[in-house]
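Undergrad: Pasting model_24.cif here (mmCIF, C-alpha atoms):
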data_coords
#
loop_
_atom_site.label_atom_id
_atom_site.label_comp_id
_atom_site.auth_asym_id
_atom_site.auth_seq_id
_atom_site.Cartn_x
_atom_site.Cartn_y
_atom_site.Cartn_z
CA MET A 1 39.75 -37.38 -4.25
CA ASN A 2 39.89 -33.79 -5.51
CA VAL A 3 41.94 -30.94 -4.04
CA LYS A 4 39.06 -29.44 -2.07
CA GLU A 5 38.37 -32.75 -0.39
CA ILE A 6 42.04 -33.17 0.59
CA LEU A 7 42.21 -29.62 1.97
CA ASN A 8 39.13 -30.26 4.10
CA LYS A 9 40.61 -33.35 5.76
CA GLU A 10 41.43 -33.14 9.47
CA ASP A 11 44.82 -34.78 8.93
CA LEU A 12 46.79 -35.43 5.78
CA THR A 13 48.44 -38.67 4.68
CA LYS A 14 51.76 -38.86 2.88
CA GLU A 15 49.83 -39.49 -0.34
CA ASP A 16 47.83 -36.29 0.28
CA LEU A 17 51.04 -34.34 0.78
CA ILE A 18 52.44 -35.61 -2.51
CA VAL A 19 49.25 -34.66 -4.36
CA LEU A 20 49.35 -31.12 -2.94
CA LEU A 21 53.07 -30.70 -3.65
CA GLY A 22 52.46 -31.77 -7.25
CA LEU A 23 49.67 -29.31 -8.01
CA THR A 24 50.16 -27.40 -11.27
CA ASP A 25 46.70 -26.01 -12.04
CA GLU A 26 46.59 -22.34 -11.04
CA GLU A 27 43.14 -22.62 -9.47
CA ASP A 28 44.23 -25.59 -7.36
CA VAL A 29 47.41 -23.83 -6.24
CA ASN A 30 45.35 -20.81 -5.20
CA LEU A 31 43.06 -23.06 -3.15
CA LEU A 32 46.12 -24.48 -1.38
CA LYS A 33 47.48 -20.98 -0.78
CA LYS A 34 44.16 -19.72 0.63
CA GLN A 35 43.77 -22.71 2.96
CA ALA A 36 47.36 -22.44 4.25
CA TYR A 37 46.90 -18.74 4.96
CA SER A 38 43.68 -19.48 6.85
CA VAL A 39 45.43 -22.13 8.99
CA MET A 40 48.36 -19.79 9.68
CA LYS A 41 45.97 -17.01 10.70
CA CYS A 42 44.09 -19.36 13.03
CA TYR A 43 47.14 -20.82 14.81
CA ASN A 44 49.78 -18.07 14.58
CA GLY A 45 47.96 -14.84 13.77
CA GLU A 46 48.72 -12.57 10.84
CA ASN A 47 51.70 -10.68 12.26
CA VAL A 48 55.07 -11.16 10.57
CA TYR A 49 58.04 -11.33 12.94
CA LEU A 50 61.49 -9.95 12.19
CA ARG A 51 64.78 -11.66 12.97
CA GLY A 52 67.68 -9.32 12.26
CA LEU A 53 70.36 -11.53 10.73
CA ILE A 54 74.00 -10.93 11.70
CA GLU A 55 76.41 -13.24 9.86
CA PHE A 56 79.28 -12.68 12.25
CA SER A 57 81.86 -15.11 10.83
CA ASN A 58 82.44 -17.14 7.67
CA TYR A 59 85.14 -19.42 9.08
CA CYS A 60 83.93 -23.00 8.77
CA THR A 61 85.37 -26.40 9.62
CA PHE A 62 82.78 -28.25 7.52
CA ASP A 63 82.97 -28.91 3.78
CA CYS A 64 79.35 -29.23 2.58
CA TYR A 65 79.37 -29.77 -1.19
CA TYR A 66 76.76 -27.06 -1.88
CA CYS A 67 77.95 -24.22 0.37
CA GLY A 68 79.87 -21.13 -0.69
CA ILE A 69 81.68 -20.73 2.65
CA ARG A 70 82.76 -24.38 2.85
CA LYS A 71 86.19 -24.97 4.38
CA SER A 72 87.85 -25.75 1.03
CA ASN A 73 86.68 -22.61 -0.76
CA ASN A 74 89.85 -20.48 -0.83
CA LYS A 75 88.32 -17.82 -3.07
CA ILE A 76 86.68 -15.92 -0.21
CA GLU A 77 88.26 -13.73 2.44
CA ARG A 78 87.57 -15.11 5.91
CA TYR A 79 86.38 -12.82 8.71
CA ILE A 80 84.99 -12.73 12.20
CA LEU A 81 83.31 -9.58 13.45
CA ASP A 82 84.56 -7.81 16.54
CA LYS A 83 82.36 -8.40 19.59
CA ASN A 84 81.67 -4.66 19.95
CA LYS A 85 80.52 -4.49 16.32
CA ILE A 86 78.08 -7.35 16.84
CA VAL A 87 76.69 -5.81 20.04
CA GLU A 88 76.42 -2.39 18.39
CA THR A 89 74.42 -3.91 15.53
CA ALA A 90 72.21 -5.78 18.00
CA LYS A 91 71.46 -2.56 19.89
CA TRP A 92 70.52 -0.85 16.61
CA CYS A 93 68.29 -3.84 15.89
CA ALA A 94 66.54 -3.48 19.27
CA ALA A 95 66.10 0.27 18.86
CA LYS A 96 64.39 -0.28 15.49
CA GLY A 97 61.86 -2.64 17.03
CA TYR A 98 62.99 -5.94 15.54
CA GLY A 99 62.38 -7.86 18.75
CA SER A 100 64.73 -10.68 17.78
CA LEU A 101 67.96 -11.38 15.99
CA VAL A 102 69.81 -14.36 14.53
CA LEU A 103 73.54 -14.83 15.11
CA GLN A 104 74.81 -17.00 12.28
CA SER A 105 78.25 -18.24 11.33
CA GLY A 106 80.16 -21.06 9.72
CA GLU A 107 80.53 -24.17 11.86
CA ARG A 108 83.24 -24.17 14.53
CA SER A 109 83.33 -25.91 17.90
CA ASP A 110 86.74 -24.92 19.34
CA SER A 111 86.80 -23.45 22.84
CA GLU A 112 87.78 -19.95 21.65
CA PHE A 113 84.73 -19.81 19.38
CA VAL A 114 82.38 -21.20 22.02
CA ASP A 115 83.64 -18.70 24.61
CA PHE A 116 83.22 -15.88 22.08
CA VAL A 117 79.63 -16.78 21.20
CA THR A 118 78.69 -17.23 24.85
CA ALA A 119 80.09 -13.80 25.75
CA VAL A 120 78.38 -12.12 22.79
CA VAL A 121 74.99 -13.61 23.67
CA ALA A 122 75.25 -12.62 27.34
CA THR A 123 76.29 -9.06 26.46
CA ILE A 124 73.49 -8.61 23.93
CA LYS A 125 70.91 -9.84 26.43
CA ASP A 126 72.20 -7.41 29.05
CA GLU A 127 72.56 -4.37 26.80
CA THR A 128 69.28 -4.61 24.85
CA LYS A 129 66.90 -4.59 27.81
CA SER A 130 64.45 -1.72 27.66
CA GLU A 131 60.87 -0.75 28.39
CA ASN A 132 59.86 -2.28 25.06
CA LEU A 133 62.05 -5.35 25.56
CA PRO A 134 62.27 -5.99 29.32
CA ASN A 135 64.10 -9.28 28.67
CA GLY A 136 66.25 -7.92 25.86
CA LEU A 137 66.29 -9.14 22.28
CA GLY A 138 65.18 -12.66 21.50
CA ILE A 139 68.26 -14.52 20.26
CA THR A 140 68.43 -17.36 17.75
CA LEU A 141 71.77 -19.08 17.23
CA CYS A 142 72.75 -20.74 13.97
CA VAL A 143 76.33 -21.87 14.59
CA GLY A 144 76.23 -25.56 13.74
CA GLU A 145 76.73 -28.81 15.59
CA GLN A 146 78.17 -28.48 19.10
CA THR A 147 78.34 -30.65 22.22
CA LYS A 148 75.35 -30.82 24.54
CA GLU A 149 77.41 -28.98 27.16
CA THR A 150 77.98 -26.15 24.70
CA TYR A 151 74.29 -25.93 23.84
CA LYS A 152 73.58 -25.61 27.56
CA ARG A 153 76.15 -22.80 27.87
CA PHE A 154 74.57 -20.93 25.00
CA PHE A 155 71.09 -21.37 26.51
CA ASP A 156 72.21 -20.24 29.95
CA ALA A 157 73.84 -17.16 28.40
CA GLY A 158 70.46 -16.09 26.99
CA ALA A 159 69.93 -17.66 23.57
CA HIS A 160 66.53 -19.37 23.44
CA ARG A 161 66.17 -20.49 19.82
CA TYR A 162 68.56 -22.60 17.76
CA LEU A 163 68.50 -23.25 14.03
CA LEU A 164 70.22 -26.39 12.74
CA ARG A 165 69.23 -27.34 9.21
CA ILE A 166 68.92 -30.98 8.21
CA GLU A 167 68.85 -30.02 4.46
CA SER A 168 67.20 -33.39 3.74
CA SER A 169 65.65 -35.91 6.13
CA ASN A 170 66.60 -38.68 3.72
CA PRO A 171 69.95 -40.19 4.77
CA GLU A 172 70.96 -41.04 1.19
CA LEU A 173 70.29 -37.52 -0.09
CA PHE A 174 72.03 -36.10 2.97
CA SER A 175 75.13 -38.17 2.23
CA LYS A 176 75.23 -37.02 -1.40
CA ILE A 177 75.56 -33.35 -0.42
CA HIS A 178 77.88 -33.78 2.58
CA PRO A 179 81.34 -35.38 3.00
CA PRO A 180 81.49 -38.76 4.79
CA ALA A 181 82.76 -37.09 7.98
CA GLN A 182 79.40 -35.30 8.37
CA SER A 183 76.96 -37.72 9.92
CA PHE A 184 73.20 -37.74 9.43
CA ALA A 185 72.86 -39.56 12.76
CA LYS A 186 74.87 -36.88 14.53
CA ARG A 187 72.65 -34.15 13.07
CA LEU A 188 69.56 -35.94 14.42
CA GLN A 189 71.24 -36.33 17.80
CA ALA A 190 72.00 -32.62 17.86
CA LEU A 191 68.34 -31.72 17.24
CA ASN A 192 67.30 -33.94 20.15
CA GLU A 193 69.96 -32.49 22.45
CA LEU A 194 68.86 -28.95 21.65
CA LYS A 195 65.32 -29.81 22.75
CA ASP A 196 66.69 -31.38 25.94
CA CYS A 197 68.50 -28.11 26.73
CA GLY A 198 65.28 -26.11 26.46
CA PHE A 199 65.73 -24.46 23.07
CA GLN A 200 63.02 -23.68 20.58
CA VAL A 201 64.41 -25.82 17.78
CA GLY A 202 64.47 -24.94 14.11
CA THR A 203 65.57 -26.91 11.09
CA GLY A 204 65.04 -26.78 7.36
CA ILE A 205 65.56 -28.25 3.93
CA MET A 206 66.72 -27.28 0.47
CA ILE A 207 64.19 -27.82 -2.30
CA GLY A 208 65.32 -28.70 -5.79
CA LEU A 209 68.30 -30.87 -4.90
CA PRO A 210 69.39 -33.24 -7.66
CA GLU A 211 67.56 -36.59 -7.36
CA GLN A 212 65.09 -35.13 -4.83
CA THR A 213 61.48 -36.25 -5.40
CA LEU A 214 58.09 -35.12 -4.13
CA SER A 215 58.10 -38.22 -1.95
CA HIS A 216 61.34 -37.01 -0.33
CA ILE A 217 59.81 -33.60 0.38
CA ALA A 218 56.65 -35.20 1.79
CA ASP A 219 58.87 -37.24 4.12
CA ASP A 220 60.64 -34.02 5.15
CA ILE A 221 57.31 -32.46 6.09
CA ILE A 222 56.38 -35.55 8.11
CA PHE A 223 59.84 -35.44 9.73
CA PHE A 224 59.23 -31.88 10.96
CA ARG A 225 56.13 -32.97 12.85
CA GLU A 226 57.48 -36.28 14.10
CA LYS A 227 60.56 -34.53 15.52
CA ASP A 228 58.45 -31.78 17.15
CA ILE A 229 60.26 -28.99 15.28
CA ASP A 230 59.22 -25.48 16.32
CA MET A 231 60.65 -23.38 13.47
CA ILE A 232 61.13 -24.33 9.83
CA GLY A 233 63.04 -22.79 6.94
CA MET A 234 62.53 -24.10 3.40
CA GLY A 235 64.32 -22.50 0.50
CA PRO A 236 65.42 -23.36 -3.01
CA TYR A 237 68.75 -24.99 -3.70
CA ILE A 238 70.73 -22.30 -5.55
CA VAL A 239 74.07 -23.31 -7.05
CA HIS A 240 77.31 -21.65 -5.96
CA LYS A 241 80.01 -21.61 -8.65
CA ASP A 242 82.86 -22.37 -6.23
CA THR A 243 81.53 -25.69 -4.92
CA PRO A 244 81.70 -29.33 -6.04
CA MET A 245 78.03 -29.08 -7.07
CA SER A 246 78.61 -26.16 -9.47
CA HIS A 247 77.95 -28.41 -12.47
CA TYR A 248 74.27 -28.44 -11.51
CA GLU A 249 73.84 -24.80 -12.57
CA PRO A 250 72.26 -25.64 -15.97
CA TYR A 251 69.83 -27.93 -14.13
CA TYR A 252 68.98 -25.10 -11.72
CA ASN A 253 68.44 -22.58 -14.53
CA MET A 254 66.17 -25.02 -16.38
CA LYS A 255 64.11 -25.81 -13.28
CA LYS A 256 64.07 -22.36 -11.69
CA LYS A 257 60.40 -21.48 -12.22
CA GLU A 258 59.22 -24.96 -11.27
CA MET A 259 61.45 -24.96 -8.17
CA TYR A 260 60.17 -21.57 -7.06
CA LEU A 261 56.55 -22.72 -7.16
CA LEU A 262 57.49 -25.97 -5.39
CA VAL A 263 59.02 -24.01 -2.49
CA LEU A 264 55.83 -21.99 -2.09
CA LYS A 265 53.71 -25.14 -2.18
CA THR A 266 56.01 -26.80 0.37
CA ILE A 267 55.57 -23.84 2.72
CA ALA A 268 51.79 -24.09 2.35
CA VAL A 269 51.67 -27.87 2.83
CA THR A 270 53.96 -27.68 5.87
CA CYS A 271 51.69 -25.02 7.36
CA LEU A 272 48.65 -27.27 6.83
CA TYR A 273 50.41 -30.31 8.28
CA SER A 274 52.21 -28.79 11.30
CA LYS A 275 49.85 -25.83 11.83
CA ASN A 276 51.35 -23.88 14.75
CA VAL A 277 55.03 -23.74 13.78
CA ASN A 278 56.95 -20.66 12.70
CA ILE A 279 57.88 -20.75 9.01
CA ALA A 280 60.49 -18.44 7.51
CA ALA A 281 60.17 -16.65 4.19
CA THR A 282 63.77 -17.31 3.21
CA THR A 283 66.11 -14.82 1.58
CA ALA A 284 66.92 -17.40 -1.10
CA LEU A 285 63.37 -16.96 -2.46
CA GLN A 286 64.12 -13.28 -3.02
CA ALA A 287 67.32 -14.32 -4.78
CA MET A 288 65.17 -16.27 -7.26
CA TYR A 289 62.49 -13.62 -7.76
CA SER A 290 62.34 -10.06 -6.41
CA PHE A 291 59.09 -10.60 -4.50
CA GLY A 292 59.65 -14.22 -3.54
CA ARG A 293 59.57 -13.57 0.19
CA GLU A 294 56.31 -11.66 -0.06
CA GLN A 295 54.75 -14.59 -1.90
CA ALA A 296 55.95 -16.92 0.85
CA LEU A 297 54.05 -14.78 3.37
CA LEU A 298 50.88 -15.32 1.34
CA PHE A 299 51.47 -19.09 1.37
CA GLY A 300 51.73 -19.34 5.17
CA ALA A 301 55.16 -18.09 6.26
CA ASN A 302 55.30 -15.70 9.24
CA VAL A 303 58.99 -14.87 9.81
CA ILE A 304 61.45 -12.76 7.79
CA MET A 305 65.16 -12.35 8.49
CA PRO A 306 66.40 -8.98 7.18
CA LEU A 307 70.15 -8.85 6.61
CA LEU A 308 72.04 -6.76 9.20
CA THR A 309 75.56 -8.03 8.48
CA PRO A 310 77.90 -5.03 8.01
CA ARG A 311 78.19 -4.14 4.33
CA GLU A 312 81.95 -4.50 4.21
CA VAL A 313 81.75 -8.29 4.74
CA ARG A 314 78.38 -9.19 3.21
CA GLU A 315 79.90 -10.41 -0.06
CA GLN A 316 82.11 -12.83 1.89
CA TYR A 317 79.06 -14.66 3.31
CA THR A 318 77.50 -15.90 0.11
CA LEU A 319 76.20 -19.41 0.71
CA TYR A 320 74.75 -19.34 -2.83
CA GLU A 321 74.93 -17.13 -5.93
CA GLY A 322 72.79 -14.01 -6.31
CA LYS A 323 72.15 -13.35 -2.63
CA PRO A 324 70.24 -10.03 -2.37
CA CYS A 325 71.31 -6.97 -0.36
CA THR A 326 75.04 -7.73 -0.52
CA ASP A 327 76.26 -4.69 -2.49
CA GLU A 328 77.40 -1.44 -0.91
CA LEU A 329 74.34 0.44 -2.17
CA SER A 330 71.86 -1.85 -0.42
CA SER A 331 69.63 -0.31 2.21
CA ASP A 332 69.60 -1.01 5.96
CA CYS A 333 66.62 -3.26 5.22
CA PHE A 334 64.24 -2.12 7.99
CA GLU A 335 62.13 0.38 6.06
CA CYS A 336 62.36 -1.76 2.95
CA VAL A 337 61.23 -4.96 4.63
CA VAL A 338 58.38 -3.24 6.51
CA GLN A 339 57.05 -1.87 3.22
CA ARG A 340 57.38 -5.27 1.59
CA ILE A 341 55.49 -6.98 4.42
CA GLU A 342 52.74 -4.37 4.48
CA SER A 343 52.32 -4.71 0.71
CA THR A 344 50.89 -8.19 1.41
CA GLY A 345 48.27 -6.77 3.78
CA ARG A 346 50.04 -8.06 6.88
CA LYS A 347 51.55 -6.17 9.82
CA VAL A 348 54.97 -6.36 11.43
CA GLY A 349 55.08 -7.65 15.00
CA LEU A 350 57.41 -4.99 16.41
CA ASN A 351 59.20 -5.39 19.77
CA ASP A 352 57.96 -8.96 19.93
CA TRP A 353 60.02 -12.15 20.08
CA GLY A 354 57.38 -13.87 17.97
CA ASP A 355 58.04 -17.27 19.50
CA SER A 356 56.62 -20.44 18.00
CA PRO A 357 53.23 -21.43 19.50
CA HIS A 358 54.26 -25.02 18.87
CA PHE A 359 57.09 -24.68 21.38
CA PHE A 360 54.75 -23.76 24.22
CA GLU A 361 52.39 -26.60 23.32
CA ARG A 362 55.38 -28.96 23.29
CA GLN A 363 56.45 -27.71 26.72
CA LYS A 364 53.02 -28.42 28.19
CA SER A 365 53.02 -31.98 26.88
#
Is it possible to express this structure as structure tokens?

TA:
Amino acid sequence: MNVKEILNKEDLTKEDLIVLLGLTDEEDVNLLKKQAYSVMKCYNGENVYLRGLIEFSNYCTFDCYYCGIRKSNNKIERYILDKNKIVETAKWCAAKGYGSLVLQSGERSDSEFVDFVTAVVATIKDETKSENLPNGLGITLCVGEQTKETYKRFFDAGAHRYLLRIESSNPELFSKIHPPAQSFAKRLQALNELKDCGFQVGTGIMIGLPEQTLSHIADDIIFFREKDIDMIGMGPYIVHKDTPMSHYEPYYNMKKKEMYLLVLKTIAVTCLYSKNVNIAATTALQAMYSFGREQALLFGANVIMPLLTPREVREQYTLYEGKPCTDELSSDCFECVVQRIESTGRKVGLNDWGDSPHFFERQKS
């Protein structure tokens, strides 16, 4: 079966996914790109939605082998932003027309942290209501595994989306990049509990992990649909020098171009397979190539998360090497990201939460 025949199928098998992920011919890749864009346009529209990203703390109790802010990395200065600073940034975000923001941090579950996040969310919801945003900013939380009771507190405070990355849906791969104390089963449980609490649920994977195969990635794509995921982020694995996986840097450098194309194909194939989900054009793609995020938009992504973390702490939240927009001369991102989006022929969905259509379909069923 040729590529055109696969792309015209009503539903794709795992074997079809592997074939599409393995495409190398430029003409075939362009066919995949065109079909994914058409599906995205049909189910989600062509608008690109902004999520202003505030990385409000780099304290973390977890020790993921790949992550630059892991608990054991003593080469970074730890910080947590003042509540007023976070709210001030959120209000700026609302005034610019972002519509939504993401509050992201390292993983903590102590009562002081939970109380802090709950208070920040409630204050942002209250203080960003306006004629353009009668219900305030849309809020996505990305603060790691918590108890179900904590998820409910966050939801009741006003957060309505939650991002909890699986990194790999394969338990063996998951265990190779996480310490034994971090449980694959617990991560799955958390995703289910988030749905039970009413959240739009997001997860994601790293592409280019050592020992990862196209079959693994195809299983990840199937996992997204089987678990009824509403929002998906897929980015390249980029080595951080101060982690146990730093010795993979030569592997990364050798595979960089191949990995970049594989991420774009994975975005396209996920769009074809899950259709009405939100897919992020991740910042890590821009770290690989200057216009990586724009290319992701052409392959079916519809969300971008411009960095709004205050400049004075941006360098302390480097999950991977080469993260863009971390130096003191970087712009405030809004004008820059709007120009970048419009360069692809797409428009920015201003003052719009840009929720996942899949979530509303899931709620009906």

Undergrad: Written as a list of chain:residue names, what is the full residue list that the PyMOL selection byres ((chain A and resi 338) around 12) yields on the file shown?

TA: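 Taken over the shown coordinates, the PyMOL selection byres ((chain A and resi 338) around 12) returns A:Asn47, A:Val48, A:Tyr49, A:Leu50, A:Lys96, A:Gly97, A:Tyr98, A:Glu294, A:Ile304, A:Met305, A:Pro306, A:Asp332, A:Cys333, A:Phe334, A:Glu335, A:Cys336, A:Val337, A:Gln339, A:Arg340, A:Ile341, A:Glu342, A:Ser343, A:Thr344, A:Gly345, A:Arg346, A:Lys347, A:Val348, A:Gly349, A:Leu350.
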
Undergrad: Evaluated on this file, the PyMOL selection byres ((chain A and resi 71) around 9) picks out some residues - which ones are they, written as an MDAnalysis selection string?

TA: chainID A and resid 59:64 68:70 72:74 106

Undergrad: Which residue is closest to Phe224 of chain A? Choose from A:Tyr260, A:Tyr251, A:Tyr273, A:Tyr151 and count all atoms listed in the file.

TA: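 For Phe224 of chain A, the nearest of the candidates is A:Tyr273.
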
Undergrad: Given the PyMOL selection byres ((chain A and resi 142-150) around 7) and the file above, list the residues it selects as a list in words.

TA: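 Those residues are Leu103, Gln104, Ser105, Gly106, Glu107, Ser109, Thr140, Leu141, Tyr151, Lys152, Arg153, Phe154, Tyr162, Leu163, Leu164, Ala190 and Glu193 of chain A.
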
Undergrad: Quick one: axis-aligned box around all listed atoms of segment 211-217 of chain A, 8 Å on every side, centre and edge lengths in Å to one decimal, written as JSON.

TA:
{"center_x": 62.8, "center_y": -35.9, "center_z": -3.5, "size_x": 25.5, "size_y": 20.6, "size_z": 23.7}

Undergrad: Would you work out the distance separating atom CA of Val277 of chain A from atom CA of Ile221 of chain A, expressed in Å to one decimal?

TA: 11.8 Å

Undergrad: Determine, counting all atoms listed in the file, which protein, DNA and RNA residues have an atom within 10 Å of an atom of Leu7 of chain A; residues of the same chain fewer than 2 positions away are not included. Present the result as a PDB file with C-alpha atoms, keeping the file's coordinate frame.

TA:
ATOM      1  CA  ASN A   2      39.890 -33.790  -5.510  1.00  0.00           C
ATOM      2  CA  VAL A   3      41.940 -30.940  -4.040  1.00  0.00           C
ATOM      3  CA  LYS A   4      39.060 -29.440  -2.070  1.00  0.00           C
ATOM      4  CA  GLU A   5      38.370 -32.750  -0.390  1.00  0.00           C
ATOM      5  CA  LYS A   9      40.610 -33.350   5.760  1.00  0.00           C
ATOM      6  CA  GLU A  10      41.430 -33.140   9.470  1.00  0.00           C
ATOM      7  CA  ASP A  11      44.820 -34.780   8.930  1.00  0.00           C
ATOM      8  CA  LEU A  12      46.790 -35.430   5.780  1.00  0.00           C
ATOM      9  CA  ASP A  16      47.830 -36.290   0.280  1.00  0.00           C
ATOM     10  CA  LEU A  20      49.350 -31.120  -2.940  1.00  0.00           C
ATOM     11  CA  LEU A  31      43.060 -23.060  -3.150  1.00  0.00           C
ATOM     12  CA  LEU A  32      46.120 -24.480  -1.380  1.00  0.00           C
ATOM     13  CA  GLN A  35      43.770 -22.710   2.960  1.00  0.00           C
ATOM     14  CA  ALA A  36      47.360 -22.440   4.250  1.00  0.00           C
ATOM     15  CA  VAL A 269      51.670 -27.870   2.830  1.00  0.00           C
ATOM     16  CA  LEU A 272      48.650 -27.270   6.830  1.00  0.00           C
TER      17      LEU A 272
END

Undergrad: Which residues are close to Met206 of chain A, i.e. within 7 Å by all atoms listed in the file, leaving aside same-chain residues fewer than 4 positions away? Reply as a list in words.

TA: Glu167, Ser168, Met234, Gly235, Pro236 and Tyr237 of chain A

Undergrad: To one decimal place, how far is atom CA of Pro244 of chain A from atom CA of Leu173 of chain A in Å?

TA: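 Pair atom CA of Pro244 of chain A / atom CA of Leu173 of chain A returns 15.3 Å.
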
Undergrad: Neighbouring residues of Ile86 of chain A were defined as those with any atom within 10 Å, considering all atoms listed in the file; residues of the same chain fewer than 2 positions away were excluded. Please report them as number ranges by chain.

TA: A: 54-56, 80-84, 88-92, 103, 120-121, 123-124, 308-310

Undergrad: Quick one: residues within 8 Å of Met245 of chain A, only C-alpha atoms, excluding same-chain residues fewer than 6 positions away - as a list in words?

TA: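 Residues near the query, excluding close chain neighbours: Tyr65, Tyr66 and Val239 of chain A.
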